[in-house]
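Student: Just passing along the structure, written as C-alpha cells.
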Amino acid sequence: MQLAASEIAILHREITEAEGLLAAGRDTADPLESLVQLTSALDVLTATQHELVNVLLDRGATWSQVAVALSMSNAGARRRFPRRESRTATSTD
C-alpha cells in the first residue's frame, strides 16, 4: 500500500511542522512555552496519525493490521481512532 505523491507531500509537511514545534519547545528556557510547543506538536502528530489510520482503512487494511502498527489492541485502536465519514459518501440534499 503506497501513498500518492500529494499524500506524501502532506505527510512531509505535517511532520516538518511537528519537528519545528518540538525544536521551539526544546530551544526555550521557559517551561510553559516548552509545554505549549510540545502540546502543539502532539496535536499535529495525532491528527496526522488519525488521518493515516483512515487512509489505511479506506484502502483495505484491517483493524488488526492497524492495531499492530499502533502497538495496541483492536478495541483500543477502534476507540482511539473512530472512523470519520467516508470521503466517497454522497450527500442527500
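Here's how to read the names in the C-alpha cells: chain A, B, ... by the order shown, residue numbers from 1 in each chain, ligand numbers from 1 in the order shown.
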Just the residues within 10 Å of Ser34 of chain A, please, counting only C-alpha atoms, with nothing from its chain fewer than 4 positions along; format it as a PDB file with C-alpha atoms, in the first residue's frame.

Tutor:
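To be explicit, this is the file written out as selection.pdb:
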ATOM      1  CA  LEU A  21       7.308  22.830  17.158  1.00  0.00           C
ATOM      2  CA  LEU A  22       9.471  20.313  19.022  1.00  0.00           C
ATOM      3  CA  ALA A  23      12.600  22.319  18.218  1.00  0.00           C
ATOM      4  CA  ALA A  24      10.940  25.503  19.502  1.00  0.00           C
ATOM      5  CA  GLY A  25       9.991  23.699  22.704  1.00  0.00           C
ATOM      6  CA  ARG A  26      13.495  22.367  23.123  1.00  0.00           C
ATOM      7  CA  ASP A  27      15.156  25.710  22.460  1.00  0.00           C
ATOM      8  CA  THR A  28      13.272  27.810  25.010  1.00  0.00           C
ATOM      9  CA  ALA A  29      14.163  28.231  28.664  1.00  0.00           C
ATOM     10  CA  ASP A  30      10.508  28.873  29.531  1.00  0.00           C
ATOM     11  CA  LEU A  38       5.091  20.123  22.853  1.00  0.00           C
ATOM     12  CA  THR A  39       1.300  20.117  23.067  1.00  0.00           C
ATOM     13  CA  SER A  40       1.048  21.710  19.626  1.00  0.00           C
TER      14      SER A  40
END

Student: Need the shell around segment 75-78 of chain A: protein/DNA/RNA residues with any atom at most 12 Å away, counting only C-alpha atoms. Skip same-chain ones fewer than 3 positions apart. Format as a list in words?

Tutor: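 So, after excluding close chain neighbours, the residues are Gln49, His50, Val53, Asn54, Leu57, Thr62, Trp63, Ser64, Gln65, Val66, Ala67, Val68, Ala69, Leu70, Ser71, Met72, Phe81, Pro82, Arg83 and Arg84 of chain A.
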
Student: Write out as an NGL selection string the set of residues from chain A that DSSP, computed on the backbone, places in helix (DSSP H, G or I).

Tutor: :A and (5-26 or 31-58 or 63-70 or 74-80)

Student: Between segment 36-89 of chain A and segment 6-14 of chain A, at 10 Å or less, what are the per-residue closest atom pairs and their distances in Å? Count only C-alpha atoms, order by chain and rising residue number, and return it as CSV.

Tutor:
residue,atom,partner,partner_atom,distance
A:Ala41,CA,A:Glu14,CA,9.5
A:Val44,CA,A:Glu14,CA,6.7
A:Leu45,CA,A:Glu14,CA,7.4
A:Ala47,CA,A:Glu14,CA,9.2
A:Thr48,CA,A:Glu14,CA,7.0
A:Gln49,CA,A:Leu11,CA,9.7
A:Glu51,CA,A:Leu11,CA,9.7
A:Leu52,CA,A:Leu11,CA,9.0
A:Val55,CA,A:Glu7,CA,9.7

Student: Write a file of the selected residues as a short mmCIF file (atom, residue, chain, number, x, y, z; two decimals), in the first residue's frame, keeping N, CA, C and O atoms.

Tutor:
data_model
loop_
_atom_site.label_atom_id
_atom_site.label_comp_id
_atom_site.auth_asym_id
_atom_site.auth_seq_id
_atom_site.Cartn_x
_atom_site.Cartn_y
_atom_site.Cartn_z
N ALA A 41 2.82 20.17 18.97
CA ALA A 41 3.41 19.10 18.16
C ALA A 41 2.60 17.82 18.29
O ALA A 41 2.34 17.13 17.30
N VAL A 44 -0.57 18.07 16.20
CA VAL A 44 -0.29 17.87 14.77
C VAL A 44 -0.08 16.39 14.48
O VAL A 44 -0.66 15.82 13.54
N LEU A 45 0.74 15.74 15.28
CA LEU A 45 1.05 14.33 15.05
C LEU A 45 -0.16 13.43 15.27
O LEU A 45 -0.37 12.46 14.54
N ALA A 47 -3.33 14.29 14.79
CA ALA A 47 -4.20 14.46 13.63
C ALA A 47 -3.65 13.71 12.42
O ALA A 47 -4.41 13.06 11.67
N THR A 48 -2.35 13.75 12.24
CA THR A 48 -1.71 13.03 11.13
C THR A 48 -1.89 11.54 11.31
O THR A 48 -2.21 10.81 10.35
N GLN A 49 -1.69 11.05 12.52
CA GLN A 49 -1.86 9.64 12.82
C GLN A 49 -3.29 9.20 12.53
O GLN A 49 -3.52 8.16 11.91
N GLU A 51 -5.44 10.56 10.48
CA GLU A 51 -5.68 10.55 9.03
C GLU A 51 -5.03 9.32 8.37
O GLU A 51 -5.62 8.71 7.48
N LEU A 52 -3.84 8.95 8.81
CA LEU A 52 -3.20 7.76 8.25
C LEU A 52 -3.99 6.49 8.55
O LEU A 52 -4.11 5.61 7.70
N VAL A 55 -6.79 6.53 6.07
CA VAL A 55 -6.30 6.20 4.73
C VAL A 55 -6.10 4.69 4.62
O VAL A 55 -6.52 4.06 3.64
#

Student: Separation of atom CA of Gly60 of chain A and atom CA of Met1 of chain A, in Å?

Tutor: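 About the pair atom CA of Gly60 of chain A and atom CA of Met1 of chain A: they are 9.1 Å apart.
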